[in-house]
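Notes to accompany the following structure.
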Amino acid sequence: MSRARHQAPRSRRGRAWLVVAVLAATAACATVELPPPPSPPHHRPPRSAPPEPALAAPPDFYMGVAAHLGDPGRPSDGKTIGEIALTEMGVDSLREEVGWTEMGPGFTKKFDLVGKSGGRLLLVLGYGNVKYLQGGAFPDTAAERGAFLEYANEAVKQIGPENLAGIEIWNEWNVYMGWFDPFPYRSWGAPCPDDPKDAIGCPVMYAKLVETLIYPEREGLDIPSLRKTAPGVPLLANAISARDQDWTAASMAYLRDHDVQVDGAIIHPYVSHPNGCPDTNTSTPAGPLVSVKCMVTVSDEIERTYGQRLPMWATEVGWSRGGDRPVSADVQARYVVELYVRARASTRVRGVWWYDLQDDLVEDSSVRNFGLVGRHPEDKWLPGEPHPSGKAFMTLASFWSGCSTVEGDWRGRAFSLTCEGGDREIFFAATSKELTEASASGATLVDLLGQVPDVPPEGTVSPLVGHPVGIIAAPTAGGASHPADE
């Protein structure tokens with residue numbers, strides 16, 4: 001599923017057709033489980049990237065959201081939806097794009113709020129530009145890749161590398177994202193239009209673009225590399241929608257064989273509809289357990305092909321409250337908590353960016369109902385109230401603020417957190433017995449859905465039964481907390 005683009009003043013291109021084209025079309029291949037590509041014994045892993053000046057330490061795990069910035073602020077205080085996310089909701093990274101055709105003086109001004117509000121931007125670079133490209137939306141010559149690098153460098157300079165969480169090299173290349181007018185439309189599964197020798201989705205062409213951005217001198221280009229322009233900023237490859245095993249294998253094999261060092265791998269593990277992710281060929285939407293399984297599966301596949309394990313960046317994922325396979329508002333809220341906790345516990349995932357921060361302005365109900373926050377009832381351009389999923393996001397962000405690790409089997413339901421001031425615990429679908437024992441130990445119980453007030457020690461636990469619950473152990477005599485089950 002692709003990220004939607006603004007209807008006004010920009011047109012929303014991507015998600016609407018992708019809901020139909022990708023989620024439906026990928027069902028045809030969902031039942032075909034290909035064997036993992038072997039790791040050639042004679043290939044050495046890509047060399048390490050040269051040392052670069054270090055930026056301020058980022059969080060160990062990004063609790064991010066995909067956002068469409070630039071809309072007006074709320075009437076009461078003028079805060080935009082981006083400022084609300086970073087200063088009130090506990091979001092530490094916003095994901096947004098700077099389209100190649102949209103670059104110009106002042107276009108990146110809307111991103112100033114990220115650094116000012118203490119967050120970081122996950123920057124998406126991509127989409128065709130008819131001014132520089134001939135015949136298609138993908139840069140497929142040295143000159144076109146050089147032009148793309150110049151645009152990328154300019155975007156980073158305007159925003160400031162110190163404000164970036166990472167850089168996504170394109171968005172969902174494997175499903176021909178960027179083939180908008182005036183470029184001839186390409187549907188998912190169509191042959192590579194510019195190079196018949198390349199596989200469906202042009203994985204090698206993509207890998208060549210990644211190589212040029214990082215090592216422009218290999219193509220004789222006298223242009224600063226993206227690493228030089230954005231020192232210390234993770235450069236992310238594998239621009240796929242859901243899981244595309246063949247595409248990932250082909251692009252990663254090229255990067256391995258040409259000694260191209262990248263810093264992370266992108267995945268959009270939507271699982272509401274059948275697609276390439278395991279266990280999605282079901283009659284109802286799969287949940288976070290399947291989504292995180294998809295992240296881990298692709299992580300393993302990349303390691304076998306590329307020769308090293310890369311952190312996974314789940315830069316788009318979510319569940320819609322509308323459309324042909326909706327979830328309820330309550331289930332969406334539960335999925336928010338479960339997704340972030342499981343992903344963090346897996347230790348494979350560098351961060352998760354929920355799609356979407358705010359409900360989209362489109363007619364398609366399956367697209368517009370992903371948001372954590374609604375729209376103002378009297379003016380659709382203004383921020384509205386948080387949905388239950390937004391309240392759950394804020395509660396979890398507050399609960400584990402100051403926690404450095406989340407331990408536990410990512411497939412399980414109990415997790416231990418190492419936090420400032422003492423350890424904490426999280427239980428999914430907490431039982432009456434678990435809650436009663438924790439309360440009796442002097443612990444405070446926190447409803448991670450944000451629906452039930454915190455339950456003090458010896459309080460009534462029945463409203464929390466079945467909820468995801470956080471447990472803050474009672475302080476010991478020395479001031480530190482102790483586990484609730486001691």
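Labels for the structure tokens follow display order: chains A, B, ..., residues from 1 in each chain, ligands from 1.
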Please provide the set of residues having any atom within 6 Å of segment 168-176 of chain A, restricted to only C-alpha atoms, with same-chain residues fewer than 5 positions apart removed, written as a list in words. Val124, Leu125, Gly126, Trp188, Gly201, Leu236, Ala237, Ala239, Ile240 and Ser241 of chain A
For all heavy atoms, I'd like the residues from the last selection saved as a PDB file, in the first residue's frame.
ATOM      1  N   VAL A 124      11.342  10.580   2.573  1.00  0.00           N
ATOM      2  CA  VAL A 124      11.131   9.735   1.398  1.00  0.00           C
ATOM      3  C   VAL A 124      11.516  10.524   0.159  1.00  0.00           C
ATOM      4  O   VAL A 124      10.997  11.616  -0.088  1.00  0.00           O
ATOM      5  CB  VAL A 124       9.665   9.280   1.284  1.00  0.00           C
ATOM      6  CG1 VAL A 124       9.503   8.320   0.106  1.00  0.00           C
ATOM      7  CG2 VAL A 124       9.204   8.623   2.575  1.00  0.00           C
ATOM      8  N   LEU A 125      12.417   9.971  -0.635  1.00  0.00           N
ATOM      9  CA  LEU A 125      12.821  10.572  -1.903  1.00  0.00           C
ATOM     10  C   LEU A 125      12.272   9.726  -3.041  1.00  0.00           C
ATOM     11  O   LEU A 125      12.377   8.501  -3.006  1.00  0.00           O
ATOM     12  CB  LEU A 125      14.349  10.629  -1.998  1.00  0.00           C
ATOM     13  CG  LEU A 125      15.075  11.439  -0.922  1.00  0.00           C
ATOM     14  CD1 LEU A 125      16.582  11.222  -1.031  1.00  0.00           C
ATOM     15  CD2 LEU A 125      14.739  12.920  -1.032  1.00  0.00           C
ATOM     16  N   GLY A 126      11.700  10.382  -4.038  1.00  0.00           N
ATOM     17  CA  GLY A 126      11.235   9.557  -5.141  1.00  0.00           C
ATOM     18  C   GLY A 126      10.303  10.235  -6.109  1.00  0.00           C
ATOM     19  O   GLY A 126      10.033  11.440  -6.026  1.00  0.00           O
ATOM     20  N   TRP A 188       0.987  -3.195 -11.194  1.00  0.00           N
ATOM     21  CA  TRP A 188       1.771  -4.184 -10.472  1.00  0.00           C
ATOM     22  C   TRP A 188       1.841  -5.472 -11.289  1.00  0.00           C
ATOM     23  O   TRP A 188       0.849  -5.949 -11.832  1.00  0.00           O
ATOM     24  CB  TRP A 188       1.122  -4.461  -9.122  1.00  0.00           C
ATOM     25  CG  TRP A 188       1.927  -5.407  -8.276  1.00  0.00           C
ATOM     26  CD1 TRP A 188       2.882  -5.079  -7.370  1.00  0.00           C
ATOM     27  CD2 TRP A 188       1.849  -6.835  -8.278  1.00  0.00           C
ATOM     28  NE1 TRP A 188       3.403  -6.201  -6.800  1.00  0.00           N
ATOM     29  CE2 TRP A 188       2.803  -7.304  -7.339  1.00  0.00           C
ATOM     30  CE3 TRP A 188       1.097  -7.766  -8.975  1.00  0.00           C
ATOM     31  CZ2 TRP A 188       3.002  -8.652  -7.076  1.00  0.00           C
ATOM     32  CZ3 TRP A 188       1.291  -9.113  -8.717  1.00  0.00           C
ATOM     33  CH2 TRP A 188       2.229  -9.546  -7.776  1.00  0.00           C
ATOM     34  N   GLY A 201       9.118  -5.299 -11.837  1.00  0.00           N
ATOM     35  CA  GLY A 201       9.383  -4.307 -10.801  1.00  0.00           C
ATOM     36  C   GLY A 201      10.751  -3.676 -10.883  1.00  0.00           C
ATOM     37  O   GLY A 201      11.085  -2.825 -10.056  1.00  0.00           O
ATOM     38  N   LEU A 236      18.332   3.866   3.419  1.00  0.00           N
ATOM     39  CA  LEU A 236      17.473   2.680   3.445  1.00  0.00           C
ATOM     40  C   LEU A 236      17.126   2.233   2.040  1.00  0.00           C
ATOM     41  O   LEU A 236      16.676   3.025   1.210  1.00  0.00           O
ATOM     42  CB  LEU A 236      16.190   2.982   4.221  1.00  0.00           C
ATOM     43  CG  LEU A 236      16.393   3.665   5.576  1.00  0.00           C
ATOM     44  CD1 LEU A 236      15.049   3.951   6.223  1.00  0.00           C
ATOM     45  CD2 LEU A 236      17.277   2.836   6.494  1.00  0.00           C
ATOM     46  N   ALA A 237      17.322   0.950   1.788  1.00  0.00           N
ATOM     47  CA  ALA A 237      17.004   0.349   0.489  1.00  0.00           C
ATOM     48  C   ALA A 237      15.844  -0.631   0.655  1.00  0.00           C
ATOM     49  O   ALA A 237      15.196  -0.673   1.693  1.00  0.00           O
ATOM     50  CB  ALA A 237      18.235  -0.341  -0.086  1.00  0.00           C
ATOM     51  N   ALA A 239      12.922  -0.813  -1.346  1.00  0.00           N
ATOM     52  CA  ALA A 239      11.687  -0.011  -1.385  1.00  0.00           C
ATOM     53  C   ALA A 239      10.531  -0.844  -1.928  1.00  0.00           C
ATOM     54  O   ALA A 239      10.147  -0.745  -3.090  1.00  0.00           O
ATOM     55  CB  ALA A 239      11.893   1.231  -2.246  1.00  0.00           C
ATOM     56  N   ILE A 240       9.957  -1.669  -1.048  1.00  0.00           N
ATOM     57  CA  ILE A 240       8.909  -2.590  -1.468  1.00  0.00           C
ATOM     58  C   ILE A 240       7.599  -2.313  -0.741  1.00  0.00           C
ATOM     59  O   ILE A 240       7.565  -1.687   0.309  1.00  0.00           O
ATOM     60  CB  ILE A 240       9.303  -4.067  -1.230  1.00  0.00           C
ATOM     61  CG1 ILE A 240       9.584  -4.322   0.260  1.00  0.00           C
ATOM     62  CG2 ILE A 240      10.487  -4.445  -2.083  1.00  0.00           C
ATOM     63  CD1 ILE A 240       9.774  -5.785   0.607  1.00  0.00           C
ATOM     64  N   SER A 241       6.526  -2.829  -1.334  1.00  0.00           N
ATOM     65  CA  SER A 241       5.225  -2.874  -0.686  1.00  0.00           C
ATOM     66  C   SER A 241       5.020  -4.297  -0.185  1.00  0.00           C
ATOM     67  O   SER A 241       5.165  -5.247  -0.954  1.00  0.00           O
ATOM     68  CB  SER A 241       4.130  -2.501  -1.685  1.00  0.00           C
ATOM     69  OG  SER A 241       2.861  -2.762  -1.148  1.00  0.00           O
TER      70      SER A 241
END
Which residues in segment 275-438 of chain A does DSSP call alpha helix (DSSP H)? List them as a ChimeraX atom specification. /A:288-306,329-346,365-368,388-399,432-438
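Around Met394 of chain A, within 9 Å and counting only C-alpha atoms, the residues found are Glu88, Met89, Gly90, Val91, Leu448, Leu449 and Gly450 of chain A, once anything fewer than 6 positions away on its own chain is removed.
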Preceding selection exported with all heavy atoms as a PDB file, in the first residue's frame:
ATOM      1  N   GLU A  88       2.506  16.384  21.715  1.00  0.00           N
ATOM      2  CA  GLU A  88       1.411  15.935  22.578  1.00  0.00           C
ATOM      3  C   GLU A  88       1.168  14.425  22.524  1.00  0.00           C
ATOM      4  O   GLU A  88       0.658  13.851  23.487  1.00  0.00           O
ATOM      5  CB  GLU A  88       0.109  16.655  22.195  1.00  0.00           C
ATOM      6  CG  GLU A  88       0.171  18.162  22.374  1.00  0.00           C
ATOM      7  CD  GLU A  88      -1.122  18.860  21.951  1.00  0.00           C
ATOM      8  OE1 GLU A  88      -2.143  18.164  21.774  1.00  0.00           O
ATOM      9  OE2 GLU A  88      -1.108  20.092  21.798  1.00  0.00           O
ATOM     10  N   MET A  89       1.515  13.787  21.418  1.00  0.00           N
ATOM     11  CA  MET A  89       1.172  12.384  21.241  1.00  0.00           C
ATOM     12  C   MET A  89       2.314  11.427  21.548  1.00  0.00           C
ATOM     13  O   MET A  89       2.104  10.212  21.622  1.00  0.00           O
ATOM     14  CB  MET A  89       0.667  12.138  19.816  1.00  0.00           C
ATOM     15  CG  MET A  89      -0.637  12.840  19.491  1.00  0.00           C
ATOM     16  SD  MET A  89      -1.220  12.488  17.803  1.00  0.00           S
ATOM     17  CE  MET A  89      -1.540  10.714  17.910  1.00  0.00           C
ATOM     18  N   GLY A  90       3.532  11.928  21.693  1.00  0.00           N
ATOM     19  CA  GLY A  90       4.665  11.050  21.964  1.00  0.00           C
ATOM     20  C   GLY A  90       5.331  10.507  20.721  1.00  0.00           C
ATOM     21  O   GLY A  90       6.195   9.628  20.813  1.00  0.00           O
ATOM     22  N   VAL A  91       4.973  11.007  19.555  1.00  0.00           N
ATOM     23  CA  VAL A  91       5.626  10.596  18.311  1.00  0.00           C
ATOM     24  C   VAL A  91       7.050  11.134  18.299  1.00  0.00           C
ATOM     25  O   VAL A  91       7.284  12.292  18.664  1.00  0.00           O
ATOM     26  CB  VAL A  91       4.847  11.149  17.091  1.00  0.00           C
ATOM     27  CG1 VAL A  91       5.600  10.888  15.797  1.00  0.00           C
ATOM     28  CG2 VAL A  91       3.443  10.539  17.037  1.00  0.00           C
ATOM     29  N   LEU A 448      -3.285   0.306  28.549  1.00  0.00           N
ATOM     30  CA  LEU A 448      -2.541   0.843  27.412  1.00  0.00           C
ATOM     31  C   LEU A 448      -3.447   1.286  26.272  1.00  0.00           C
ATOM     32  O   LEU A 448      -2.978   1.895  25.310  1.00  0.00           O
ATOM     33  CB  LEU A 448      -1.514  -0.185  26.923  1.00  0.00           C
ATOM     34  CG  LEU A 448      -0.416  -0.505  27.941  1.00  0.00           C
ATOM     35  CD1 LEU A 448       0.553  -1.543  27.382  1.00  0.00           C
ATOM     36  CD2 LEU A 448       0.338   0.744  28.368  1.00  0.00           C
ATOM     37  N   LEU A 449      -4.742   1.023  26.374  1.00  0.00           N
ATOM     38  CA  LEU A 449      -5.692   1.574  25.414  1.00  0.00           C
ATOM     39  C   LEU A 449      -6.093   2.994  25.787  1.00  0.00           C
ATOM     40  O   LEU A 449      -6.715   3.692  24.985  1.00  0.00           O
ATOM     41  CB  LEU A 449      -6.940   0.697  25.318  1.00  0.00           C
ATOM     42  CG  LEU A 449      -6.738  -0.733  24.813  1.00  0.00           C
ATOM     43  CD1 LEU A 449      -8.078  -1.472  24.801  1.00  0.00           C
ATOM     44  CD2 LEU A 449      -6.110  -0.746  23.434  1.00  0.00           C
ATOM     45  N   GLY A 450      -5.775   3.393  27.008  1.00  0.00           N
ATOM     46  CA  GLY A 450      -6.139   4.728  27.452  1.00  0.00           C
ATOM     47  C   GLY A 450      -7.617   4.905  27.723  1.00  0.00           C
ATOM     48  O   GLY A 450      -8.127   6.029  27.737  1.00  0.00           O
TER      49      GLY A 450
END
Option closest in space to Asp330 of chain A, from A:Ser389, A:Thr229, A:Thr141, A:Thr212 [counting only C-alpha atoms]: A:Ser389
Could you check the closest approach to Glu458 of chain A for each of A:Glu437, A:Asp181, A:Glu363, A:Glu154 and tell me which residue wins, using only C-alpha atoms?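 Nearest candidate to Glu458 of chain A out of A:Glu437, A:Asp181, A:Glu363, A:Glu154: A:Glu437.
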Would you mind reading off the distance between atom CA of Pro386 of chain A and atom CA of Val349 of chain A, one decimal, in Å?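 Result for atom CA of Pro386 of chain A versus atom CA of Val349 of chain A: 26.2 Å, one decimal.
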What's around Ala286 of chain A at 10 Å? Count only C-alpha atoms, leave out sequence neighbours fewer than 6 positions away in its own chain, and write the answer as a ChimeraX atom specification. /A:270-274,278-280,319
From a DSSP pass on the backbone, collect the residues of segment 211-259 of chain A flagged as strand (DSSP E or B) and hand them back as a compact mmCIF listing (two decimals) with N, CA, C and O atoms, in the first residue's frame.
# COMPACT_ATOMS: atom_id res chain seq x y z
N LEU A 235 20.80 5.22 5.36
CA LEU A 235 20.29 5.17 3.99
C LEU A 235 19.60 3.83 3.81
O LEU A 235 20.21 2.77 4.00
N LEU A 236 18.33 3.87 3.42
CA LEU A 236 17.47 2.68 3.45
C LEU A 236 17.13 2.23 2.04
O LEU A 236 16.68 3.02 1.21
N ALA A 237 17.32 0.95 1.79
CA ALA A 237 17.00 0.35 0.49
C ALA A 237 15.84 -0.63 0.66
O ALA A 237 15.20 -0.67 1.69
N ALA A 242 4.71 -4.46 1.08
CA ALA A 242 4.55 -5.78 1.69
C ALA A 242 5.82 -6.59 1.47
O ALA A 242 6.93 -6.09 1.61
Could you tell me which of A:Lys157, A:Lys79, A:Arg348, A:Arg321 comes closest to Asp364 of chain A if we count only C-alpha atoms? A:Arg321
Atom CA of Gln308 of chain A sits from atom CA of Pro231 of chain A at a separation of 21.7 Å
Atomic separation - atom CA of Asp454 of chain A relative to atom CA of Ile471 of chain A, Å: 10.0 Å
Restricting the calculation to only C-alpha atoms: of A:Ala67, A:Ala199, A:Val210, A:Cys277, which residue gets closest to Val373 of chain A?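 Ranking A:Ala67, A:Ala199, A:Val210, A:Cys277 by distance to Val373 of chain A, first place goes to A:Ala67.
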